[in-house]
Amino acid sequence: MTGMAGRVRRLATRITRRGSGHGRRPGPRRRPTLRRRLTLTAVGLLAVVAAIMGVTSTLALRASLLQQVDNRLVAAAARAGTATRTPPPSTATAPVITDNDADNRPPWFNGPGQEVGTVNVVTSGQVRSGYIGTDGSYRPLTSDQLATLLTVPTDGRIVPITLGDLGSYRAVAGRTDDGAVITAIPTASADATVRGYVMVELIVAVVGLALTAAAANVLVRRGLRPLTSVAATATRVSELPLAKGEVSIDERVPDADPTTEVGQVGAAFNRMLGHVERALTARQESEQQVRRFVADASHELRTPLASIRGYTELVRRSDEPLPDGVGQALARVEAEAIRMTALVEDMLLLARLDAGRDLERETVDLAELAVDAVADAHAAGPDHVWQLDVVADDDGADDPTTIVTGDDHRLRQVLANLLTNARVHTPAGTHIEVGVRREGGAVVVRVDDDGPGIPAELRERLFERFTRGDASRNHAAGSTGLGLAIANAVVHAHGGTLACASRPGRTVFTVTLPAATPTA
């Protein structure tokens with residue numbers, strides 16, 4: 001019990017792992033259609049072009065805005081330097097200062113000209129710093145902001161800096177006789193303009209790509225319409241009964257314009273259909289000639305073969321004594337004439353079936369035919385073990401019988417050929433079972449033997465004409481190789497199928513025929 005529990009746990013673990021997806025091979029990915037690929041390609045190319053143009057225009061706009069900021073910064077730095085070297089204006093023209101940090105504010109705060117947000121640091125004597133607030137009043141800098149400004153190089157180069165909560169700035173520093181003057185102007189306005197421009201570009205790009213995708217889908221669909229016609233025409237041609245009957249192919253691609261690439265495909269397809277039609281017509285005419293020749297030759301050979309058999313039998317039954325060996329020779333001539341007559345009859349039957357000759361149509365009980373066939377086979381091969389299994393199982397059908405509509409003589413010939421094939425090609429003592437069953441709307445006959453089986457290379461052409469088995473299925477009896485071909489042709493003429501499944505130790509031939517309707 002412990003071992004069984006362990007095996008159950010291991011099995012549950014494997015099932016859990018399989019269910020979780022471990023070790024599962026991914027299925028084949030479904031490739032997108034040509035229309036979708038072309039549409040995606042057009043949209044993708046437009047997206048790349050739009051992205052390049054957007055990035056380029058955004059960088060150009062930002063560079064232009066920053067240049068304007070730098071120009072204002074240079075002007076503000078010049079005014080700050082002038083204010084540092086110039087004595088403060090008179091009280092009558094100076095702005096009113098309401099804060100209590102008058103000693104720490106830079107000199108230019110006492111004069112006009114500087115814009116809101118401008119930052120200034122003067123290191124002449126004592127360090128004085130501050131910026132103009134949004135209300136035009138003086139605002140002191142924090143120690144961190146002042147430390148950042150003091151890192152600006154005093155070589156006149158404009159550098160970007162970030163002053164904490166004040167945001168991004170462009171700063172420049174210049175030397176004085178006893179110190180330096182540092183000026184910075186905010187870039188918030190330029191950054192906001194760039195962000196708005198980028199947002200507008202994104203909206204325009206998205207709308208443009210959506211419209212392009214819709215237009216490209218319509219245009220590509222219209223451009224590939226001839227390919228759709230080619231596919232539809234090929235589908236209709238594949239459903240035509242080209243293997244038998246008429247071989248004319250009237251289907252053509254309607255809109256095959258040779259001036260376009262896609263239209264050239266349709267035109268080439270139409271030319272191919274015409275070539276195939278002519279080839280099939282020529283092949284059908286050749287096959288018809290061969291069939292007529294075989295039928296005529298077989299028909300004409302029946303009379304001389306009958307004469308040979310008749311004269312041979314007449315000579316053998318003559319009262320006059322025959323020389324030594326002549327009787328045996330006449331017996332051989334008669335046997336070969338009989339065998340040749342059977343071969344001619346088989347070839348004539350195949351020629352008639354190929355020509356589509358109508359068979360007799362009557363109600364035939366396959367169970368009764370199987371009983372007679374097994375009885376005949378038992379008489380011909382008493383060294384084999386013969387069994388018969390007949391089951392009338394309607395499986396929901398209206399008529400629980402083994403009756404079909406067909407040609408009684410030809411169906412007897414099918415069963416006889418199958419049983420002869422099983423008897424001749426299996427050793428003595430082989431069990432051969434014939435089963436007849438009603439399965440749904442069909443009657444199924446199975447011939448099952450436990451002989452040596454059929455080689456794989458022979459199974460592929462088993463129902464072809466003049467196909468004989470090799471040494472594993474002995475043909476010492478002089479088989480013509482037409483028995484299974486005749487059986488297959490007769491079954492197909494009745495609207496049924498004949499199949500074979502074989503492996504070493506078992507061979508099963510299965511005949512499936514449509515069951516007769518209740519009215520029949």
# chains A, B, ... in the order shown; residues from 1 in each chain; ligands from 1

call {"tool": "residues_around", "arguments": {"residues": "Phe509 (chain A)", "least_positions_apart": "2", "cutoff": "9 Å", "atoms": "only C-alpha atoms", "output": "list in words"}}
result
Leu418, Val445, Arg446, Val447, Asp448, Leu498, Ala499, Cys500, Ala501, Ser502, Thr507 and Val511 of chain A

call {"tool": "residues_around", "arguments": {"residues": "Gln413 (chain A)", "least_positions_apart": "2", "cutoff": "12 Å", "atoms": "only C-alpha atoms", "output": "list in words"}}
result
Asp346, Leu349, Leu369, Ala370, Asp372, Ala373, Asp376, Asp407, Asp408, His409, Arg410, Leu411, Leu415, Ala416, Asn417, Leu418, Leu419, Thr420, Asn421, Gly483, Leu484, Ala485, Ile486, Ala487, Asn488, Ala489, Val490 and Val491 of chain A

call {"tool": "select_by_dssp", "arguments": {"residues": "region 289-505 of chain A", "states": "alpha helix (DSSP H)", "output": "tab-separated table (two decimals) with N, CA and C atoms, in the first residue's frame"}}
result
chain	number	residue	atom	x	y	z
A	289	GLN	N	-8.36	5.47	-75.04
A	289	GLN	CA	-7.90	4.58	-76.10
A	289	GLN	C	-7.37	3.27	-75.53
A	290	VAL	N	-6.61	3.37	-74.42
A	290	VAL	CA	-6.10	2.15	-73.80
A	290	VAL	C	-7.24	1.29	-73.28
A	291	ARG	N	-8.25	1.94	-72.64
A	291	ARG	CA	-9.38	1.17	-72.13
A	291	ARG	C	-10.14	0.49	-73.26
A	292	ARG	N	-10.35	1.24	-74.34
A	292	ARG	CA	-11.07	0.64	-75.46
A	292	ARG	C	-10.26	-0.52	-76.05
A	293	PHE	N	-8.94	-0.33	-76.14
A	293	PHE	CA	-8.11	-1.41	-76.67
A	293	PHE	C	-8.17	-2.65	-75.77
A	294	VAL	N	-8.08	-2.43	-74.45
A	294	VAL	CA	-8.13	-3.57	-73.52
A	294	VAL	C	-9.48	-4.25	-73.60
A	295	ALA	N	-10.54	-3.44	-73.64
A	295	ALA	CA	-11.88	-4.03	-73.70
A	295	ALA	C	-12.07	-4.79	-75.01
A	296	ASP	N	-11.66	-4.18	-76.13
A	296	ASP	CA	-11.83	-4.85	-77.41
A	296	ASP	C	-10.97	-6.11	-77.49
A	297	ALA	N	-9.71	-5.97	-77.02
A	297	ALA	CA	-8.83	-7.14	-77.08
A	297	ALA	C	-9.34	-8.26	-76.19
A	298	SER	N	-9.80	-7.90	-75.00
A	298	SER	CA	-10.31	-8.92	-74.09
A	298	SER	C	-11.55	-9.58	-74.69
A	299	HIS	N	-12.40	-8.75	-75.27
A	299	HIS	CA	-13.61	-9.32	-75.86
A	299	HIS	C	-13.27	-10.24	-77.04
A	300	GLU	N	-12.32	-9.82	-77.86
A	300	GLU	CA	-11.96	-10.62	-79.02
A	300	GLU	C	-11.22	-11.90	-78.62
A	301	LEU	N	-10.51	-11.88	-77.50
A	301	LEU	CA	-9.76	-13.06	-77.07
A	301	LEU	C	-10.65	-14.13	-76.48
A	302	ARG	N	-11.84	-13.76	-76.07
A	302	ARG	CA	-12.71	-14.77	-75.45
A	302	ARG	C	-13.07	-15.89	-76.42
A	303	THR	N	-13.32	-15.52	-77.68
A	303	THR	CA	-13.73	-16.55	-78.65
A	303	THR	C	-12.60	-17.53	-78.97
A	304	PRO	N	-11.39	-17.09	-79.32
A	304	PRO	CA	-10.33	-18.08	-79.59
A	304	PRO	C	-9.95	-18.88	-78.35
A	305	LEU	N	-10.02	-18.29	-77.19
A	305	LEU	CA	-9.70	-19.05	-75.98
A	305	LEU	C	-10.75	-20.13	-75.74
A	306	ALA	N	-12.01	-19.80	-75.99
A	306	ALA	CA	-13.06	-20.82	-75.86
A	306	ALA	C	-12.85	-21.93	-76.88
A	307	SER	N	-12.42	-21.57	-78.10
A	307	SER	CA	-12.16	-22.59	-79.13
A	307	SER	C	-11.00	-23.48	-78.71
A	308	ILE	N	-9.93	-22.88	-78.16
A	308	ILE	CA	-8.79	-23.67	-77.72
A	308	ILE	C	-9.21	-24.65	-76.64
A	309	ARG	N	-9.99	-24.18	-75.68
A	309	ARG	CA	-10.43	-25.08	-74.60
A	309	ARG	C	-11.31	-26.19	-75.17
A	310	GLY	N	-12.19	-25.80	-76.10
A	310	GLY	CA	-13.09	-26.81	-76.65
A	310	GLY	C	-12.35	-27.88	-77.43
A	311	TYR	N	-11.46	-27.47	-78.33
A	311	TYR	CA	-10.71	-28.45	-79.12
A	311	TYR	C	-9.79	-29.28	-78.23
A	312	THR	N	-9.20	-28.67	-77.22
A	312	THR	CA	-8.32	-29.42	-76.33
A	312	THR	C	-9.11	-30.49	-75.60
A	313	GLU	N	-10.26	-30.10	-75.06
A	313	GLU	CA	-11.08	-31.09	-74.35
A	313	GLU	C	-11.57	-32.17	-75.30
A	314	LEU	N	-11.91	-31.78	-76.56
A	314	LEU	CA	-12.38	-32.75	-77.53
A	314	LEU	C	-11.30	-33.78	-77.84
A	315	VAL	N	-10.05	-33.31	-78.02
A	315	VAL	CA	-8.95	-34.23	-78.32
A	315	VAL	C	-8.69	-35.13	-77.14
A	316	ARG	N	-8.74	-34.60	-75.92
A	316	ARG	CA	-8.45	-35.43	-74.75
A	316	ARG	C	-9.52	-36.51	-74.55
A	326	VAL	N	1.48	-36.54	-74.93
A	326	VAL	CA	0.55	-35.63	-75.59
A	326	VAL	C	-0.64	-35.30	-74.68
A	327	GLY	N	-1.14	-36.29	-73.96
A	327	GLY	CA	-2.26	-36.07	-73.05
A	327	GLY	C	-1.91	-35.06	-71.96
A	328	GLN	N	-0.72	-35.24	-71.41
A	328	GLN	CA	-0.30	-34.29	-70.38
A	328	GLN	C	-0.13	-32.89	-70.96
A	329	ALA	N	0.40	-32.81	-72.19
A	329	ALA	CA	0.57	-31.50	-72.82
A	329	ALA	C	-0.78	-30.85	-73.09
A	330	LEU	N	-1.75	-31.66	-73.55
A	330	LEU	CA	-3.08	-31.10	-73.78
A	330	LEU	C	-3.73	-30.62	-72.47
A	331	ALA	N	-3.49	-31.36	-71.38
A	331	ALA	CA	-4.02	-30.93	-70.09
A	331	ALA	C	-3.43	-29.58	-69.67
A	332	ARG	N	-2.13	-29.42	-69.93
A	332	ARG	CA	-1.50	-28.16	-69.59
A	332	ARG	C	-2.03	-27.02	-70.47
A	333	VAL	N	-2.25	-27.32	-71.76
A	333	VAL	CA	-2.80	-26.31	-72.65
A	333	VAL	C	-4.19	-25.88	-72.18
A	334	GLU	N	-5.00	-26.87	-71.78
A	334	GLU	CA	-6.34	-26.54	-71.31
A	334	GLU	C	-6.29	-25.72	-70.01
A	335	ALA	N	-5.38	-26.07	-69.09
A	335	ALA	CA	-5.27	-25.33	-67.83
A	335	ALA	C	-4.83	-23.89	-68.08
A	336	GLU	N	-3.88	-23.72	-69.00
A	336	GLU	CA	-3.43	-22.37	-69.29
A	336	GLU	C	-4.50	-21.57	-70.02
A	337	ALA	N	-5.28	-22.25	-70.86
A	337	ALA	CA	-6.38	-21.57	-71.53
A	337	ALA	C	-7.43	-21.11	-70.52
A	338	ILE	N	-7.69	-21.98	-69.52
A	338	ILE	CA	-8.64	-21.59	-68.47
A	338	ILE	C	-8.11	-20.38	-67.70
A	339	ARG	N	-6.81	-20.43	-67.35
A	339	ARG	CA	-6.23	-19.31	-66.61
A	339	ARG	C	-6.23	-18.03	-67.45
A	340	MET	N	-5.94	-18.15	-68.75
A	340	MET	CA	-5.95	-16.98	-69.61
A	340	MET	C	-7.36	-16.44	-69.78
A	341	THR	N	-8.34	-17.35	-69.82
A	341	THR	CA	-9.73	-16.90	-69.91
A	341	THR	C	-10.12	-16.09	-68.68
A	342	ALA	N	-9.70	-16.57	-67.49
A	342	ALA	CA	-9.98	-15.81	-66.26
A	342	ALA	C	-9.31	-14.45	-66.29
A	343	LEU	N	-8.06	-14.41	-66.79
A	343	LEU	CA	-7.36	-13.13	-66.88
A	343	LEU	C	-8.07	-12.18	-67.83
A	344	VAL	N	-8.52	-12.70	-68.97
A	344	VAL	CA	-9.24	-11.86	-69.94
A	344	VAL	C	-10.54	-11.35	-69.34
A	345	GLU	N	-11.25	-12.22	-68.61
A	345	GLU	CA	-12.50	-11.78	-67.97
A	345	GLU	C	-12.24	-10.69	-66.94
A	346	ASP	N	-11.15	-10.84	-66.18
A	346	ASP	CA	-10.83	-9.81	-65.19
A	346	ASP	C	-10.48	-8.49	-65.86
A	347	MET	N	-9.69	-8.54	-66.92
A	347	MET	CA	-9.32	-7.31	-67.61
A	347	MET	C	-10.53	-6.66	-68.26
A	348	LEU	N	-11.44	-7.47	-68.79
A	348	LEU	CA	-12.65	-6.93	-69.39
A	348	LEU	C	-13.53	-6.28	-68.33
A	349	LEU	N	-13.60	-6.89	-67.14
A	349	LEU	CA	-14.39	-6.30	-66.06
A	349	LEU	C	-13.80	-4.96	-65.61
A	350	LEU	N	-12.47	-4.91	-65.47
A	350	LEU	CA	-11.84	-3.65	-65.08
A	350	LEU	C	-12.07	-2.57	-66.13
A	351	ALA	N	-11.99	-2.95	-67.40
A	351	ALA	CA	-12.22	-1.97	-68.46
A	351	ALA	C	-13.65	-1.44	-68.40
A	352	ARG	N	-14.60	-2.31	-68.12
A	352	ARG	CA	-15.99	-1.86	-68.01
A	352	ARG	C	-16.19	-0.95	-66.80
A	353	LEU	N	-15.55	-1.30	-65.69
A	353	LEU	CA	-15.67	-0.44	-64.51
A	353	LEU	C	-15.01	0.91	-64.74
A	354	ASP	N	-13.86	0.91	-65.43
A	354	ASP	CA	-13.21	2.17	-65.74
A	354	ASP	C	-14.07	3.03	-66.65
A	366	LEU	N	-25.51	-8.85	-47.33
A	366	LEU	CA	-24.09	-9.20	-47.22
A	366	LEU	C	-23.86	-10.34	-46.25
A	367	ALA	N	-24.74	-10.52	-45.27
A	367	ALA	CA	-24.58	-11.65	-44.36
A	367	ALA	C	-24.76	-12.97	-45.10
A	368	GLU	N	-25.73	-13.00	-46.00
A	368	GLU	CA	-25.95	-14.22	-46.79
A	368	GLU	C	-24.78	-14.47	-47.73
A	369	LEU	N	-24.25	-13.39	-48.34
A	369	LEU	CA	-23.09	-13.55	-49.20
A	369	LEU	C	-21.88	-14.03	-48.42
A	370	ALA	N	-21.72	-13.55	-47.19
A	370	ALA	CA	-20.59	-13.98	-46.37
A	370	ALA	C	-20.70	-15.46	-46.01
A	371	VAL	N	-21.93	-15.93	-45.73
A	371	VAL	CA	-22.12	-17.36	-45.42
A	371	VAL	C	-21.71	-18.23	-46.60
A	372	ASP	N	-22.18	-17.83	-47.80
A	372	ASP	CA	-21.83	-18.61	-48.99
A	372	ASP	C	-20.33	-18.54	-49.27
A	373	ALA	N	-19.72	-17.35	-49.11
A	373	ALA	CA	-18.30	-17.21	-49.41
A	373	ALA	C	-17.45	-18.03	-48.45
A	374	VAL	N	-17.82	-18.05	-47.16
A	374	VAL	CA	-17.05	-18.83	-46.18
A	374	VAL	C	-17.21	-20.32	-46.46
A	375	ALA	N	-18.41	-20.73	-46.87
A	375	ALA	CA	-18.61	-22.15	-47.19
A	375	ALA	C	-17.75	-22.56	-48.38
A	376	ASP	N	-17.72	-21.73	-49.42
A	376	ASP	CA	-16.89	-22.04	-50.57
A	376	ASP	C	-15.40	-22.04	-50.21
A	377	ALA	N	-14.97	-21.05	-49.40
A	377	ALA	CA	-13.57	-20.99	-49.01
A	377	ALA	C	-13.18	-22.19	-48.15
A	378	HIS	N	-14.09	-22.65	-47.28
A	378	HIS	CA	-13.79	-23.83	-46.46
A	378	HIS	C	-13.61	-25.07	-47.32
A	379	ALA	N	-14.43	-25.15	-48.38
A	379	ALA	CA	-14.29	-26.30	-49.27
A	379	ALA	C	-12.98	-26.23	-50.05
A	380	ALA	N	-12.56	-25.01	-50.43
A	380	ALA	CA	-11.32	-24.88	-51.19
A	380	ALA	C	-10.09	-24.95	-50.30
A	408	ASP	N	-25.34	-8.24	-57.01
A	408	ASP	CA	-25.10	-9.46	-56.22
A	408	ASP	C	-23.89	-10.22	-56.73
A	409	HIS	N	-23.77	-10.36	-58.04
A	409	HIS	CA	-22.68	-11.15	-58.60
A	409	HIS	C	-21.33	-10.49	-58.32
A	410	ARG	N	-21.24	-9.16	-58.50
A	410	ARG	CA	-19.97	-8.48	-58.28
A	410	ARG	C	-19.59	-8.46	-56.80
A	411	LEU	N	-20.56	-8.29	-55.92
A	411	LEU	CA	-20.24	-8.30	-54.49
A	411	LEU	C	-19.79	-9.69	-54.04
A	412	ARG	N	-20.39	-10.74	-54.62
A	412	ARG	CA	-19.89	-12.10	-54.33
A	412	ARG	C	-18.45	-12.24	-54.80
A	413	GLN	N	-18.15	-11.61	-55.95
A	413	GLN	CA	-16.79	-11.68	-56.47
A	413	GLN	C	-15.81	-10.96	-55.53
A	414	VAL	N	-16.23	-9.87	-54.91
A	414	VAL	CA	-15.38	-9.16	-53.96
A	414	VAL	C	-15.04	-10.04	-52.78
A	415	LEU	N	-16.07	-10.66	-52.16
A	415	LEU	CA	-15.82	-11.52	-51.00
A	415	LEU	C	-14.98	-12.73	-51.40
A	416	ALA	N	-15.26	-13.28	-52.58
A	416	ALA	CA	-14.48	-14.44	-53.02
A	416	ALA	C	-13.01	-14.06	-53.22
A	417	ASN	N	-12.75	-12.91	-53.80
A	417	ASN	CA	-11.37	-12.47	-54.00
A	417	ASN	C	-10.65	-12.27	-52.66
A	418	LEU	N	-11.34	-11.64	-51.70
A	418	LEU	CA	-10.71	-11.40	-50.40
A	418	LEU	C	-10.41	-12.71	-49.67
A	419	LEU	N	-11.34	-13.64	-49.71
A	419	LEU	CA	-11.12	-14.91	-49.02
A	419	LEU	C	-10.07	-15.74	-49.75
A	420	THR	N	-10.08	-15.68	-51.08
A	420	THR	CA	-9.03	-16.40	-51.82
A	420	THR	C	-7.66	-15.81	-51.52
A	421	ASN	N	-7.59	-14.50	-51.45
A	421	ASN	CA	-6.33	-13.84	-51.12
A	421	ASN	C	-5.84	-14.26	-49.74
A	422	ALA	N	-6.77	-14.33	-48.76
A	422	ALA	CA	-6.38	-14.75	-47.41
A	422	ALA	C	-5.96	-16.22	-47.38
A	423	ARG	N	-6.62	-17.06	-48.18
A	423	ARG	CA	-6.30	-18.48	-48.16
A	423	ARG	C	-4.98	-18.78	-48.86
A	424	VAL	N	-4.77	-18.13	-50.02
A	424	VAL	CA	-3.59	-18.44	-50.83
A	424	VAL	C	-2.31	-17.92	-50.19
A	456	ALA	N	5.39	-3.55	-45.60
A	456	ALA	CA	5.00	-2.13	-45.68
A	456	ALA	C	5.16	-1.58	-47.08
A	457	GLU	N	6.22	-1.97	-47.79
A	457	GLU	CA	6.44	-1.44	-49.13
A	457	GLU	C	5.39	-1.94	-50.12
A	458	LEU	N	4.73	-3.06	-49.80
A	458	LEU	CA	3.70	-3.59	-50.68
A	458	LEU	C	2.33	-3.00	-50.37
A	459	ARG	N	2.10	-2.57	-49.11
A	459	ARG	CA	0.78	-2.05	-48.73
A	459	ARG	C	0.45	-0.76	-49.49
A	483	GLY	N	-6.92	-9.48	-58.48
A	483	GLY	CA	-8.03	-9.74	-57.57
A	483	GLY	C	-8.37	-8.55	-56.68
A	484	LEU	N	-7.38	-7.99	-55.99
A	484	LEU	CA	-7.64	-6.86	-55.12
A	484	LEU	C	-7.99	-5.61	-55.91
A	485	ALA	N	-7.40	-5.46	-57.10
A	485	ALA	CA	-7.75	-4.31	-57.93
A	485	ALA	C	-9.21	-4.38	-58.35
A	486	ILE	N	-9.67	-5.57	-58.70
A	486	ILE	CA	-11.09	-5.75	-59.08
A	486	ILE	C	-11.98	-5.50	-57.87
A	487	ALA	N	-11.61	-6.05	-56.71
A	487	ALA	CA	-12.41	-5.85	-55.51
A	487	ALA	C	-12.51	-4.36	-55.17
A	488	ASN	N	-11.40	-3.66	-55.26
A	488	ASN	CA	-11.42	-2.23	-54.95
A	488	ASN	C	-12.28	-1.46	-55.94
A	489	ALA	N	-12.18	-1.79	-57.23
A	489	ALA	CA	-12.98	-1.09	-58.24
A	489	ALA	C	-14.46	-1.35	-58.05
A	490	VAL	N	-14.83	-2.60	-57.73
A	490	VAL	CA	-16.25	-2.93	-57.52
A	490	VAL	C	-16.79	-2.20	-56.29
A	491	VAL	N	-16.02	-2.20	-55.22
A	491	VAL	CA	-16.48	-1.52	-53.99
A	491	VAL	C	-16.67	-0.03	-54.25
A	492	HIS	N	-15.70	0.60	-54.93
A	492	HIS	CA	-15.84	2.02	-55.23
A	492	HIS	C	-17.00	2.28	-56.16
A	493	ALA	N	-17.29	1.36	-57.08
A	493	ALA	CA	-18.45	1.53	-57.96
A	493	ALA	C	-19.75	1.48	-57.18

call {"tool": "atom_distance", "arguments": {"atom1": "CA of Ala180 (chain A)", "atom2": "CA of Gly167 (chain A)"}}
result
23.0 Å

call {"tool": "atom_distance", "arguments": {"atom1": "CA of Ala173 (chain A)", "atom2": "CA of Ser189 (chain A)"}}
result
22.0 Å

call {"tool": "closest_residue", "arguments": {"among": "A:Ala147, A:Arg465, A:Leu141, A:Glu433", "to": "Arg506 (chain A)", "atoms": "only C-alpha atoms"}}
result
A:Glu433

call {"tool": "select_by_dssp", "arguments": {"residues": "region 181-213 of chain A", "states": "strand (DSSP E or B)", "output": "ChimeraX atom specification"}}
result
/A:181-186
